[in-house]
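K.L.:
One structure, as structure tokens, below. Some questions next.
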There are 2 protein chains.
Amino acid sequence: MDVVSRVVVTPVAFRDPPLLNVVGVHQPWALRAVVEVHATDGLVGLGETYADEAHLARLEAVAAVLPGCPVYDLHGLRRLVADVLGRETGGAGASFGGMLDVSSALDTVYSPFEVAYLDLQGRVAGVPVSDLLGGAVRDRVPFSGYLFYKWAGHPGGEPDAWGAALDPDQVVAQARRMVDGWGFGSLKLKGGVFPPEEECEAVEALRGAFPALPLRLDPNGAWTVETSLKVADRLAGVVEYLEDPTPGIDGMARVSTGTDVPLATNMCVIAMEHLPPAIAADAVQIVLSDHHLWGGLRRSALLAGITETFGLGLSMHSNSHLGVSLAAMTHLAAATGNLTYACDTHYPWKTQDLIVPGVLEFEDGAVTVPTTPGLGVELDRDMLAVLHEQYLTCGVRRREDTVYMRSIEPGFEPNTRRW
Amino acid sequence: MDVVSRVVVTPVAFRDPPLLNVVGVHQPWALRAVVEVHATDGLVGLGETYADEAHLARLEAVAAVLPGCPVYDLHGLRRLVADVLGRETGGAGASFGGMLDVSSALDTVYSPFEVAYLDLQGRVAGVPVSDLLGGAVRDRVPFSGYLFYKWAGHPGGEPDAWGAALDPDQVVAQARRMVDGWGFGSLKLKGGVFPPEEECEAVEALRGAFPALPLRLDPNGAWTVETSLKVADRLAGVVEYLEDPTPGIDGMARVSTGTDVPLATNMCVIAMEHLPPAIAADAVQIVLSDHHLWGGLRRSALLAGITETFGLGLSMHSNSHLGVSLAAMTHLAAATGNLTYACDTHYPWKTQDLIVPGVLEFEDGAVTVPTTPGLGVELDRDMLAVLHEQYLTCGVRRREDTVYMRSIEPGFEPNTRRW
């Protein structure tokens, strides 16, 4: 039985464009933590997660007690994480830019270690992680092009390669670049930035420019129930789903009763405990899974089984991430039969990565599922050092979209239920 | 990647005492099918399931197309089983003595192959099946002593070692034998045989004789809602749960609203599709899992996750079975944290087995979880041959409790909702 010999947690930072959302704007640096779990047989398993300071401290606390644990004992790992967290309160420890409120840190702290354990298990058995999840049902995982309203560059900095996207024409231009560069077969617009009429115009412009592509709009709860119903009416037949038009299970349920447009969520159902009330209220038709948030790949598979059992659709959420997360997302999506929507990903927005290139390339908007053992990715140690050095020097220690926005627009208030 | 090289399905029969239940009485022979999945590396994975003729034919049809399939591809296996079954109707193909009505054969046919695949995966990776399910959370799995009303022997045959159990004293004597011989720490009485007053007396006699042991009563839907409520009132504080007092989700929901005695089921919730209506109606508090019925170990883990998410209790059901099934049940139970009730098992009622002895011994009512690779059991080829020969000569080809009972008591009608 292989056991953990040592664990290394490395915080990294990479440049992030000024992507706008309901609570503000992305900071110039996005943070992630890479978890390496070394086993006694010399194999290494990888995981990737958030790197807000509070979260990082919890990862380090778990890392310190893992040596000696058997790499197949996921239930033991979860107990151990729970023990380490103890009675700590204060939510997930990852701020999600202020958009999400997660009551427990257990799932978020457990997740990267679980992924690393599964990576190790795959390497031990000589099979890809998708096999450990029951086998890939698809060779290639389709992702959705993730469009953002954005400034041309961070204030005081150089414009980035994407340029500004502040009106429908610029959003279409951004989408064109996404589609031309990555081949995406569906598009998602992050809304909640401008009045809903403007965001509807942008979606309609996308519909005109890309008649065949499924479209999604996600204002992160920027609207009232009444506005949500008006937008649903306007975009019926245009969007494949509306994501979180209004906050909360009750609000979503009220929207749901008034429209046939499918409602998706990554805000009001983000943990197992939210499923029973959301299902009882028929609040949403589609749940976005996210293994970082839901407690790893196996619990994401459980979520998939629950959504299938209760007749809900399943899609996949993304935060700014690097290649280890993309590998995990790809294996999970490959092994999840009822994940019938293209997955979200921020991957095109990053300009650096810390995995050895050559795998996880996008072709026609999809990533070919690695068939080599484990996750199928290796750390590029040089790039890991570069990104860690960036972490050390960048000054960002947690995701704070609103704080950063207020440094630019002092009077800014989050747009939650604003319109 | 290891692939399936050949598959052998062997029907077996073993002597079964005249155990009484709501639909009649157990025939003199119980049937099972053993599935051996041989892989290209010379390893063999084992599964065990029902052996009613219709089910056996379906197992054989799947076995014929498995060679060449990779042993990690459980999703592919399930698709393949679905393809083989095609549009076949006629339910599960296993009659369950007439007590259960399963609309689809997919889960029951898939199950033994899934278990055999997991056995192989464990052998490939050198880890027990419990590790493939996330790791054992307990070293020993407690089982419940399964008491039956019974005749002294089959009509025309010799009395068996257990003697008759037709009144409270005889039930207590049977329980004593169970507890003395196997050390069970909880007891379940199969009811639905005599009027509920008599069965209540038997339970009360058990309570008197075994003050510290949790007790269960399972009449398999023999009672009306009104009678169920009366029994619940009488046995409140005496039983840890009542199992299927009355048939159907609606009936169980009506009982549930009128009592605080927890209701369990292995009749109205026996497939994923039954969970949403049962949960919406708050029909039961405890679901009995059964990997033979629910589609294998991973789907049973899904069931466990659903019951945990929705605040339901979880126990485990049993049919007459042999050692391969006991091994699978033990690994599953070991790796299921929220399986907090002792599992049912018919194991003490059999007098022969087809696994090499020395593992799965009962001590203090519990089975120590094997820690060797896979299920941790091996076929005893000599005994397999004996039990297969018994199958060939015994004349029983399907479980037919009611038909057999009518051969003894021609006017017998099942007691479903009789009282």
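Every chain in the structure tokens takes a letter, A first, then B, and so on in the order presented; its residues are numbered from 1, and the ligands are numbered from 1 following the presented order.
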Find the residues of chain A in contact range of chain B, meaning any atom within 6 Å when counting only C-alpha atoms, and list them as a list of chain:residue names.
P.N.:
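Filtering chain A at 6 Å from chain B with only C-alpha atoms gives A:Tyr72, A:Asp73, A:Leu74, A:His75, A:Ala125, A:Asp131, A:Gly134, A:Gly135, A:Leu302.
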K.L.:
Would you output that residue set with all heavy atoms, as a short mmCIF file (atom, residue, chain, number, x, y, z; two decimals), in the first residue's frame?
P.N.:
```cif
data_model
loop_
_atom_site.label_atom_id
_atom_site.label_comp_id
_atom_site.auth_asym_id
_atom_site.auth_seq_id
_atom_site.Cartn_x
_atom_site.Cartn_y
_atom_site.Cartn_z
N TYR A 72 -5.15 5.50 -1.00
CA TYR A 72 -6.48 5.07 -1.43
C TYR A 72 -7.57 5.47 -0.44
O TYR A 72 -8.74 5.31 -0.72
CB TYR A 72 -6.52 3.56 -1.66
CG TYR A 72 -6.10 3.15 -3.05
CD1 TYR A 72 -4.78 2.87 -3.34
CD2 TYR A 72 -7.04 3.08 -4.08
CE1 TYR A 72 -4.39 2.51 -4.63
CE2 TYR A 72 -6.67 2.72 -5.37
CZ TYR A 72 -5.34 2.43 -5.63
OH TYR A 72 -4.97 2.09 -6.90
N ASP A 73 -7.16 5.96 0.71
CA ASP A 73 -8.15 6.18 1.77
C ASP A 73 -8.74 7.59 1.70
O ASP A 73 -8.42 8.47 2.51
CB ASP A 73 -7.51 5.93 3.14
CG ASP A 73 -8.54 5.94 4.25
OD1 ASP A 73 -9.76 5.88 3.94
OD2 ASP A 73 -8.14 6.00 5.43
N LEU A 74 -9.64 7.78 0.74
CA LEU A 74 -10.26 9.09 0.58
C LEU A 74 -11.15 9.44 1.76
O LEU A 74 -11.21 10.60 2.19
CB LEU A 74 -11.08 9.12 -0.72
CG LEU A 74 -10.24 8.99 -2.00
CD1 LEU A 74 -11.15 8.78 -3.21
CD2 LEU A 74 -9.40 10.25 -2.19
N HIS A 75 -11.86 8.44 2.29
CA HIS A 75 -12.71 8.73 3.45
C HIS A 75 -11.86 9.16 4.65
O HIS A 75 -12.23 10.06 5.41
CB HIS A 75 -13.56 7.51 3.81
CG HIS A 75 -14.59 7.18 2.77
ND1 HIS A 75 -14.90 5.90 2.39
CD2 HIS A 75 -15.37 7.97 2.00
CE1 HIS A 75 -15.84 5.91 1.46
NE2 HIS A 75 -16.13 7.17 1.20
N ALA A 125 -2.12 2.38 -10.59
CA ALA A 125 -2.81 1.34 -11.36
C ALA A 125 -2.50 1.42 -12.85
O ALA A 125 -2.85 0.51 -13.60
CB ALA A 125 -4.32 1.46 -11.13
N ASP A 131 -10.77 6.76 -15.77
CA ASP A 131 -11.09 5.35 -15.50
C ASP A 131 -11.47 5.13 -14.04
O ASP A 131 -12.31 4.28 -13.73
CB ASP A 131 -9.89 4.45 -15.84
CG ASP A 131 -9.92 3.98 -17.28
OD1 ASP A 131 -10.87 4.35 -18.02
OD2 ASP A 131 -9.01 3.24 -17.68
N GLY A 134 -15.04 5.65 -13.48
CA GLY A 134 -15.99 4.80 -14.20
C GLY A 134 -15.74 4.71 -15.69
O GLY A 134 -16.45 3.98 -16.39
N GLY A 135 -14.76 5.46 -16.17
CA GLY A 135 -14.43 5.38 -17.59
C GLY A 135 -14.96 6.58 -18.38
O GLY A 135 -16.04 7.09 -18.11
N LEU A 302 -20.99 12.30 -7.45
CA LEU A 302 -22.22 12.15 -6.65
C LEU A 302 -23.23 13.23 -7.05
O LEU A 302 -24.42 12.93 -7.25
CB LEU A 302 -21.89 12.26 -5.15
CG LEU A 302 -23.07 12.42 -4.19
CD1 LEU A 302 -24.05 11.26 -4.30
CD2 LEU A 302 -22.58 12.57 -2.75
#
```
K.L.:
Taking 5 positions as the minimum chain separation for residues in the same chain, which residues sit within 6 Å of segment 22-37 of chain A when counting only C-alpha atoms? Answer as number ranges by chain.
P.N.:
A: 7-16, 44-51, 192-193, 401-402, 405, 414-415
K.L.:
Between atom CA of Val396 of chain B and atom CA of Ala152 of chain B, what is the distance in Å, rounded to a tenth?
P.N.:
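Distance reported for this atom pair: 21.0 Å.
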K.L.:
At what distance in Å, to one decimal, does atom CA of Ala334 of chain B lie from atom CA of Gln352 of chain B?
P.N.:
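Going from atom CA of Gln352 of chain B over to atom CA of Ala334 of chain B covers 24.8 Å.
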K.L.:
Tell me which protein, DNA and RNA residues are within 6 Å of segment 235-251 of chain A, counting only C-alpha atoms, leaving out same-chain ones fewer than 2 positions away, and put them as a list in words.
P.N.:
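Listing them by chain and then by number gives Pro214, Leu215, Arg216, Leu217, Asp218, Pro219, Asn220, Gly221, Trp223, Thr224, Ser228, Val231, Ala232, Asp233, Ala253, Arg254, Val261, Pro262, Leu263, Ala264, Thr265, Cys268, Ala278 and Ala283 of chain A.
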K.L.:
Mind dumping the selected residues with N, CA and C atoms as a compact mmCIF listing (two decimals), in the first residue's frame?
P.N.:
```txt
# COMPACT_ATOMS: atom_id res chain seq x y z
N PRO A 214 -24.89 27.75 -29.18
CA PRO A 214 -25.63 27.93 -27.93
C PRO A 214 -25.01 29.08 -27.14
N LEU A 215 -25.88 29.90 -26.52
CA LEU A 215 -25.43 31.07 -25.76
C LEU A 215 -25.96 31.03 -24.33
N ARG A 216 -25.16 31.53 -23.41
CA ARG A 216 -25.57 31.62 -22.01
C ARG A 216 -25.29 33.03 -21.50
N LEU A 217 -26.08 33.47 -20.56
CA LEU A 217 -25.85 34.76 -19.91
C LEU A 217 -25.90 34.55 -18.39
N ASP A 218 -24.91 35.09 -17.71
CA ASP A 218 -24.78 34.87 -16.27
C ASP A 218 -24.53 36.19 -15.55
N PRO A 219 -25.59 36.84 -15.07
CA PRO A 219 -25.41 38.12 -14.37
C PRO A 219 -25.12 37.97 -12.88
N ASN A 220 -24.91 36.75 -12.40
CA ASN A 220 -24.55 36.55 -10.98
C ASN A 220 -25.50 37.25 -10.00
N GLY A 221 -26.79 37.11 -10.29
CA GLY A 221 -27.77 37.61 -9.33
C GLY A 221 -27.94 39.12 -9.33
N TRP A 223 -30.14 40.84 -10.90
CA TRP A 223 -31.49 41.30 -11.20
C TRP A 223 -32.50 40.92 -10.12
N THR A 224 -33.59 41.68 -10.09
CA THR A 224 -34.74 41.29 -9.28
C THR A 224 -35.48 40.15 -9.98
N SER A 228 -35.68 39.58 -13.97
CA SER A 228 -35.27 38.27 -14.48
C SER A 228 -36.33 37.73 -15.43
N VAL A 231 -36.21 39.64 -18.73
CA VAL A 231 -35.07 39.19 -19.55
C VAL A 231 -35.34 37.80 -20.11
N ALA A 232 -35.90 36.92 -19.26
CA ALA A 232 -36.20 35.56 -19.74
C ALA A 232 -37.16 35.62 -20.91
N ASP A 233 -38.13 36.49 -20.81
CA ASP A 233 -39.09 36.64 -21.89
C ASP A 233 -38.40 37.12 -23.17
N ALA A 253 -36.68 30.29 -7.60
CA ALA A 253 -37.92 29.52 -7.72
C ALA A 253 -39.04 30.39 -8.28
N ARG A 254 -39.06 31.64 -7.87
CA ARG A 254 -40.11 32.54 -8.37
C ARG A 254 -39.90 32.82 -9.86
N VAL A 261 -37.62 29.33 -19.86
CA VAL A 261 -36.18 29.38 -20.10
C VAL A 261 -35.48 28.63 -18.95
N PRO A 262 -34.67 27.64 -19.25
CA PRO A 262 -34.00 26.90 -18.17
C PRO A 262 -33.12 27.83 -17.34
N LEU A 263 -33.18 27.64 -16.03
CA LEU A 263 -32.34 28.41 -15.12
C LEU A 263 -31.22 27.52 -14.58
N ALA A 264 -30.02 28.07 -14.62
CA ALA A 264 -28.86 27.36 -14.09
C ALA A 264 -28.34 28.12 -12.89
N THR A 265 -27.53 27.44 -12.08
CA THR A 265 -26.97 28.13 -10.92
C THR A 265 -25.58 27.64 -10.56
N CYS A 268 -26.80 29.64 -5.93
CA CYS A 268 -27.75 29.26 -4.88
C CYS A 268 -27.68 27.77 -4.56
N ALA A 278 -33.54 23.29 -2.94
CA ALA A 278 -33.66 23.75 -4.33
C ALA A 278 -34.55 22.80 -5.15
N ALA A 283 -36.33 25.22 -8.01
CA ALA A 283 -35.72 26.54 -8.20
C ALA A 283 -34.87 26.64 -9.46
```
